[in-house]
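S.K.: Here it is, the structure in full.
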Amino acid sequence: MKTLIQFINETQADFQYATGEFTRLLNDIGIAAKLVNREINKAGLADINGYFGSTNIQGEEQKKLDVFANDCFLSAMRYGGMVCAVASEENDELYTYENAFSQKGKYVVAMDPLDGSSNIEVNVPIGTIFSIYRRKGVSGPGTVEDLLQPGNQQVASGYVIYGSSTMLVYSTGNGVNGFTLDPSVGLFLLSHPDMRIPEGGNIYSINEANYIYFQQGVKNYLKYCQQDDKSTNRPYTTRYIGSLVADFHRNLIRGGIYIYPGTVKNPNGKLRLLYECNPIAFLAEQAGGKASNGYERILDIQPTELHQRVPFFVGTSHMVEMAEKFMREYAE
Ligand code: AHM
Ligand code: MG
């Protein structure tokens with residue numbers, strides 16, 4: 001079996017930023033993921049013992065898992081010295097490293113350290129999402145401008161899913177590969193080489209409870225998904241976990257579309273462009289799928305702020321294209 005690090009080293013030659021530094025950065029992310037995985041696996045026990053939200057045996061305030069995950073990834077990247085700044089869902093402001101070593105780092109990272117964290121207590125898969133860019137400036141602390149690059153400038157993106165098994169799925173722009181954590185040896189092993197999103201899937205994933213607030217285009221697309229038509233494999237089937245990583249991961253393997261649209265109340269939807277939509281969109285395209293805000297390619301959107309939200313349609317190409325057709329038809 002091939003390990004994550006062996007695989008990164010072997011495929012580096014195909015990657016335009018073929019430096020050992022980049023390998024180390026992905027390795028640092030993998031190490032933090034293993035630490036977060038270890039804590040997540042204990043979450044139920046910790047709850048029973050009243051550890052969370054209270055004081056632990058050492059008399060320390062127990063951190064919530066999303067704060068723990070944030071600290072883990074920020075620390076892992078600090079000591080690696082490849083990254084000068086991180087935009088995280090957990091930090092209102094851009095996080096920059098003080099040490100001169102990190103300030104020489106060529107990369108900036110946008111990440112959601114623990115997406116879907118409200119699902120921890122019910123044992124539903126959650127995830128970490130990351131997006132890596134080359135910085136624009138050459139030295140000193142990273143800046144917000146370094147992060148405000150369109151998704152088509154990503155040099156890599158990926159996610160970790162903490163599910164029935166823990167997997168790391170990533171792309172450097174040359175296909176998508178998935179690695180499963182073997183807990184007995186603590187290594188990510190290549191288990192899903194060259195992942196492609198199936199064209200023949202029939203899953204649609206959306207929080208339909210918001211139906212009355214959807215735009216007419218979304219409503220009509222949902223009606224289309226529910227109509228009977230053997231030739232197009234309809235009616236489709238609904239699957240919605242409420243963890244973006246888990247919903248996308250399933251659709252990546254089975255084929256399908258995930259939608260978090262704008263609503264009357266929140267025209268830009270809920271998901272964040274920099275550290276939720278762009279990295280997932282990059283993976284979707286690399287796996288042969290598509291990602292859109294309903295009208296245009298996610299990866300071509302020029303971000304204007306770190307925590308910007310955007311409507312999100314991602315998955316099997318023809319399904320996203322059909323949803324876009326309905327959106328355009330009923331554009332208000
Ligand atoms: P979070 O970053 O606060 O965890 O929110 C993002 C999550 C996604 O993982 C998921 O797809 C979505 O929120 C679910 O939202 P909703 O409960 O509105 O359907
Ligand atoms: Mg999130």
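Residues are referred to by chain and number: the chain letter is A, B, ... according to the order shown in the structure tokens, the number counts from 1 in that chain, and ligands are numbered separately from 1 in the order shown.
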Neighbouring residues of ligand 2 are defined here as those with any atom at most 12 Å from a ligand atom, counting only C-alpha atoms and all ligand atoms; list them as a PyMOL selection string.
M.R.: chain A and resi 66+70+88-90+110-119+126-130+159+242-246+270-277+280+307+309
S.K.: Those same residues, written as a short mmCIF file (atom, residue, chain, number, x, y, z; two decimals), in the first residue's frame with N, CA, C and O atoms?
M.R.:
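Written output follows (part.cif):
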data_model
loop_
_atom_site.label_atom_id
_atom_site.label_comp_id
_atom_site.auth_asym_id
_atom_site.auth_seq_id
_atom_site.Cartn_x
_atom_site.Cartn_y
_atom_site.Cartn_z
N ASP A 66 -14.13 22.27 17.80
CA ASP A 66 -13.80 23.10 16.64
C ASP A 66 -12.66 24.06 16.97
O ASP A 66 -11.80 24.34 16.13
N ASN A 70 -8.97 24.00 15.19
CA ASN A 70 -8.35 25.22 14.67
C ASN A 70 -6.93 25.35 15.21
O ASN A 70 -5.98 25.56 14.45
N SER A 88 -9.31 31.36 8.55
CA SER A 88 -10.03 30.22 9.14
C SER A 88 -11.44 30.64 9.52
O SER A 88 -11.66 31.77 9.95
N GLU A 89 -12.36 29.70 9.41
CA GLU A 89 -13.73 29.98 9.84
C GLU A 89 -13.76 30.36 11.32
O GLU A 89 -14.63 31.10 11.77
N GLU A 90 -12.79 29.87 12.07
CA GLU A 90 -12.78 30.11 13.52
C GLU A 90 -12.18 31.46 13.91
O GLU A 90 -12.22 31.83 15.08
N ALA A 110 -6.65 28.81 3.27
CA ALA A 110 -8.00 29.12 3.77
C ALA A 110 -8.57 27.79 4.26
O ALA A 110 -8.45 26.78 3.55
N MET A 111 -9.14 27.78 5.45
CA MET A 111 -9.64 26.50 5.94
C MET A 111 -10.83 26.60 6.87
O MET A 111 -11.03 27.59 7.57
N ASP A 112 -11.63 25.56 6.83
CA ASP A 112 -12.67 25.35 7.83
C ASP A 112 -12.18 24.15 8.65
O ASP A 112 -12.24 23.01 8.17
N PRO A 113 -11.66 24.39 9.86
CA PRO A 113 -11.01 23.30 10.60
C PRO A 113 -11.96 22.17 10.97
O PRO A 113 -11.56 21.02 11.00
N LEU A 114 -13.22 22.51 11.26
CA LEU A 114 -14.17 21.44 11.61
C LEU A 114 -15.55 21.83 11.09
O LEU A 114 -16.33 22.47 11.79
N ASP A 115 -15.81 21.43 9.86
CA ASP A 115 -17.09 21.79 9.25
C ASP A 115 -18.18 20.81 9.70
O ASP A 115 -17.95 19.61 9.79
N GLY A 116 -19.36 21.36 9.95
CA GLY A 116 -20.48 20.53 10.39
C GLY A 116 -20.35 20.16 11.85
O GLY A 116 -20.88 19.13 12.29
N SER A 117 -19.65 20.98 12.62
CA SER A 117 -19.32 20.58 13.99
C SER A 117 -20.56 20.39 14.87
O SER A 117 -20.48 19.72 15.90
N SER A 118 -21.70 20.93 14.44
CA SER A 118 -22.91 20.71 15.23
C SER A 118 -23.34 19.24 15.16
O SER A 118 -24.19 18.79 15.93
N ASN A 119 -22.74 18.48 14.24
CA ASN A 119 -23.09 17.06 14.10
C ASN A 119 -22.26 16.13 14.97
O ASN A 119 -22.47 14.92 14.97
N ILE A 126 -18.12 14.52 10.10
CA ILE A 126 -17.77 15.93 10.00
C ILE A 126 -16.48 16.03 9.22
O ILE A 126 -15.92 14.98 8.85
N GLY A 127 -16.01 17.22 8.97
CA GLY A 127 -14.82 17.30 8.12
C GLY A 127 -13.97 18.53 8.33
O GLY A 127 -14.37 19.47 9.02
N THR A 128 -12.79 18.49 7.74
CA THR A 128 -11.91 19.66 7.64
C THR A 128 -11.77 19.97 6.16
O THR A 128 -11.62 19.04 5.36
N ILE A 129 -11.86 21.25 5.82
CA ILE A 129 -11.71 21.62 4.40
C ILE A 129 -10.53 22.60 4.29
O ILE A 129 -10.43 23.51 5.10
N PHE A 130 -9.67 22.40 3.28
CA PHE A 130 -8.53 23.33 3.14
C PHE A 130 -8.30 23.71 1.68
O PHE A 130 -8.60 22.95 0.76
N TYR A 159 -10.03 17.84 1.57
CA TYR A 159 -10.79 17.74 2.83
C TYR A 159 -10.38 16.47 3.55
O TYR A 159 -9.80 15.53 2.96
N GLY A 242 -26.19 17.18 6.13
CA GLY A 242 -26.02 18.45 6.85
C GLY A 242 -24.58 18.69 7.25
O GLY A 242 -24.29 19.58 8.04
N SER A 243 -23.68 17.87 6.70
CA SER A 243 -22.23 18.13 6.78
C SER A 243 -21.76 18.21 5.34
O SER A 243 -21.82 17.21 4.62
N LEU A 244 -21.30 19.38 4.93
CA LEU A 244 -20.93 19.56 3.53
C LEU A 244 -19.94 18.50 3.06
O LEU A 244 -20.09 17.92 1.99
N VAL A 245 -18.92 18.24 3.88
CA VAL A 245 -17.88 17.29 3.47
C VAL A 245 -18.50 15.91 3.23
O VAL A 245 -18.22 15.25 2.23
N ALA A 246 -19.37 15.49 4.14
CA ALA A 246 -19.96 14.16 4.02
C ALA A 246 -20.91 14.10 2.83
O ALA A 246 -20.93 13.13 2.07
N LYS A 270 -25.44 30.17 2.71
CA LYS A 270 -24.78 30.01 4.00
C LYS A 270 -23.29 29.74 3.88
O LYS A 270 -22.50 30.15 4.73
N LEU A 271 -22.90 29.05 2.81
CA LEU A 271 -21.53 28.54 2.75
C LEU A 271 -20.54 29.61 2.33
O LEU A 271 -20.87 30.52 1.56
N ARG A 272 -19.34 29.50 2.85
CA ARG A 272 -18.31 30.50 2.63
C ARG A 272 -17.46 30.17 1.40
O ARG A 272 -17.05 29.02 1.21
N LEU A 273 -17.22 31.20 0.59
CA LEU A 273 -16.51 31.01 -0.68
C LEU A 273 -15.08 30.50 -0.48
O LEU A 273 -14.66 29.54 -1.12
N LEU A 274 -14.35 31.13 0.44
CA LEU A 274 -12.91 30.86 0.51
C LEU A 274 -12.57 29.48 1.03
O LEU A 274 -11.66 28.82 0.53
N TYR A 275 -13.27 29.06 2.09
CA TYR A 275 -12.82 27.81 2.73
C TYR A 275 -13.86 26.70 2.72
O TYR A 275 -13.64 25.66 3.32
N GLU A 276 -14.99 26.92 2.06
CA GLU A 276 -15.94 25.81 1.87
C GLU A 276 -16.16 25.57 0.37
O GLU A 276 -15.92 24.48 -0.13
N CYS A 277 -16.60 26.62 -0.34
CA CYS A 277 -16.98 26.41 -1.74
C CYS A 277 -15.79 26.26 -2.69
O CYS A 277 -15.76 25.35 -3.52
N ILE A 280 -13.96 22.82 -2.40
CA ILE A 280 -14.82 21.72 -2.86
C ILE A 280 -15.03 21.84 -4.37
O ILE A 280 -15.03 20.83 -5.10
N HIS A 307 -14.74 36.15 4.70
CA HIS A 307 -15.82 35.26 5.12
C HIS A 307 -17.06 35.38 4.22
O HIS A 307 -18.17 35.09 4.65
N ARG A 309 -19.99 34.83 1.65
CA ARG A 309 -20.85 33.67 1.39
C ARG A 309 -21.27 33.65 -0.08
O ARG A 309 -21.31 34.70 -0.73
#
S.K.: Within 9 Å of stretch 20-24 of chain A, counting only C-alpha atoms, which residues qualify if same-chain residues fewer than 2 places away don't, as a ChimeraX atom specification?
M.R.: /A:5,8-9,12,17-18,26-29,80-82,105-107
S.K.: Choose the residue, out of A:Val108, A:Met1, A:Leu94, A:Leu148, that has the smallest atom-to-atom separation from A:Glu305; count only C-alpha atoms.
M.R.: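 Answer, going by the shortest atom-to-atom distance: A:Leu148.
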S.K.: Choose the residue, out of A:Ala156, A:Ile31, A:Ala284, A:Leu25, that has the smallest atom-to-atom separation from A:Leu187; count only C-alpha atoms.
M.R.: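 So, comparing all the options, the nearest one is A:Ile31.
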S.K.: So which one's closest to ligand 1, A:Gly269, A:Gly173, A:Gly315, A:Pro183? Using only C-alpha atoms and all ligand atoms, please.
M.R.: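 Looking only at the distances to ligand 1, the closest residue turns out to be A:Gly269.
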S.K.: Counting only C-alpha atoms, what is within 12 Å of A:Asn233, bar same-chain residues fewer than 5 positions away, as a PyMOL selection string?
M.R.: chain A and resi 199-203+224-228+256+319
S.K.: Per DSSP on the backbone, what are the helix (DSSP H, G or I) residues of stretch 109-199 of chain A, as a VMD selection string?
M.R.: chain A and resid 117 to 122 144 to 147 151 to 153
S.K.: Using N, CA, C and O atoms, can you export the residues from the last selection as a compact mmCIF listing (two decimals), in the first residue's frame?
M.R.:
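Output file again_23.txt follows:
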# COMPACT_ATOMS: atom_id res chain seq x y z
N SER A 117 -19.65 20.98 12.62
CA SER A 117 -19.32 20.58 13.99
C SER A 117 -20.56 20.39 14.87
O SER A 117 -20.48 19.72 15.90
N SER A 118 -21.70 20.93 14.44
CA SER A 118 -22.91 20.71 15.23
C SER A 118 -23.34 19.24 15.16
O SER A 118 -24.19 18.79 15.93
N ASN A 119 -22.74 18.48 14.24
CA ASN A 119 -23.09 17.06 14.10
C ASN A 119 -22.26 16.13 14.97
O ASN A 119 -22.47 14.92 14.97
N ILE A 120 -21.29 16.68 15.72
CA ILE A 120 -20.40 15.82 16.51
C ILE A 120 -21.20 14.99 17.50
O ILE A 120 -21.02 13.78 17.61
N GLU A 121 -22.10 15.65 18.23
CA GLU A 121 -22.77 14.96 19.33
C GLU A 121 -23.72 13.86 18.87
O GLU A 121 -24.14 13.04 19.67
N VAL A 122 -24.05 13.82 17.57
CA VAL A 122 -24.93 12.76 17.09
C VAL A 122 -24.17 11.77 16.20
O VAL A 122 -24.78 10.98 15.47
N VAL A 144 -4.44 40.06 3.77
CA VAL A 144 -5.78 39.67 3.28
C VAL A 144 -5.75 39.55 1.75
O VAL A 144 -6.35 38.64 1.18
N GLU A 145 -5.00 40.44 1.10
CA GLU A 145 -4.93 40.40 -0.37
C GLU A 145 -4.36 39.06 -0.86
O GLU A 145 -4.73 38.56 -1.92
N ASP A 146 -3.45 38.50 -0.07
CA ASP A 146 -2.90 37.19 -0.45
C ASP A 146 -3.99 36.13 -0.52
O ASP A 146 -3.89 35.17 -1.27
N LEU A 147 -5.02 36.31 0.31
CA LEU A 147 -6.11 35.33 0.36
C LEU A 147 -7.22 35.63 -0.63
O LEU A 147 -7.98 34.73 -0.98
N GLY A 151 -10.74 31.18 -6.90
CA GLY A 151 -10.46 29.76 -6.68
C GLY A 151 -9.65 29.10 -7.78
O GLY A 151 -8.99 28.08 -7.56
N ASN A 152 -9.68 29.71 -8.99
CA ASN A 152 -8.90 29.10 -10.08
C ASN A 152 -7.40 29.25 -9.86
O ASN A 152 -6.60 28.71 -10.62
N GLN A 153 -7.02 30.01 -8.83
CA GLN A 153 -5.60 30.17 -8.50
C GLN A 153 -5.13 29.17 -7.44
O GLN A 153 -3.97 29.20 -7.03
S.K.: Which is closest to ligand 1 among A:Tyr295, A:Phe214, A:Tyr133, A:Phe248, if we use only C-alpha atoms and all ligand atoms?
M.R.: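 Among the listed residues, A:Phe248 lies closest to ligand 1.
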S.K.: Tell me which of A:Gly140, A:Pro311, A:Pro303, A:Pro125 sits closest to A:Lys104, counting only C-alpha atoms.
M.R.: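 Going through A:Gly140, A:Pro311, A:Pro303, A:Pro125 one by one, the smallest distance to A:Lys104 is for A:Gly140.
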S.K.: Using Å and a single decimal, report how far atom CA of A:His249 sits from atom CA of A:Pro198.
M.R.: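 Pair atom CA of A:Pro198 / atom CA of A:His249 returns 12.2 Å.
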S.K.: As a PyMOL selection string, please: all residues of stretch 225-281 of chain A that backbone DSSP puts in strand (DSSP E).
M.R.: chain A and resi 237-238+256-260
S.K.: Measuring between only C-alpha atoms, which one of A:Ala69, A:Val109, A:Ile259, A:Val160 shows the shortest distance to A:Arg239?
M.R.: A:Ile259
S.K.: Write out as an mmCIF file with N, CA and C atoms, in the first residue's frame each polymer residue whose atoms come within 6 Å of A:Met195, counting only C-alpha atoms; drop sequence neighbours fewer than 6 positions from it.
M.R.:
data_model
loop_
_atom_site.group_PDB
_atom_site.id
_atom_site.type_symbol
_atom_site.label_atom_id
_atom_site.label_comp_id
_atom_site.auth_asym_id
_atom_site.auth_seq_id
_atom_site.Cartn_x
_atom_site.Cartn_y
_atom_site.Cartn_z
ATOM 1 N N VAL A 176 -7.953 13.759 -8.569
ATOM 2 C CA VAL A 176 -8.299 13.714 -7.145
ATOM 3 C C VAL A 176 -7.953 12.321 -6.606
ATOM 4 N N ASN A 177 -7.290 12.311 -5.462
ATOM 5 C CA ASN A 177 -6.930 11.023 -4.864
ATOM 6 C C ASN A 177 -7.347 10.992 -3.400
ATOM 7 N N ALA A 287 -12.456 16.172 -10.514
ATOM 8 C CA ALA A 287 -13.045 14.827 -10.610
ATOM 9 C C ALA A 287 -14.022 14.744 -11.790
#
S.K.: What is the distance between atom CA of A:Tyr97 and atom CA of A:Thr143, in Å to one decimal?
M.R.: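 Atom CA of A:Thr143 lies at a distance of 10.9 Å from atom CA of A:Tyr97.
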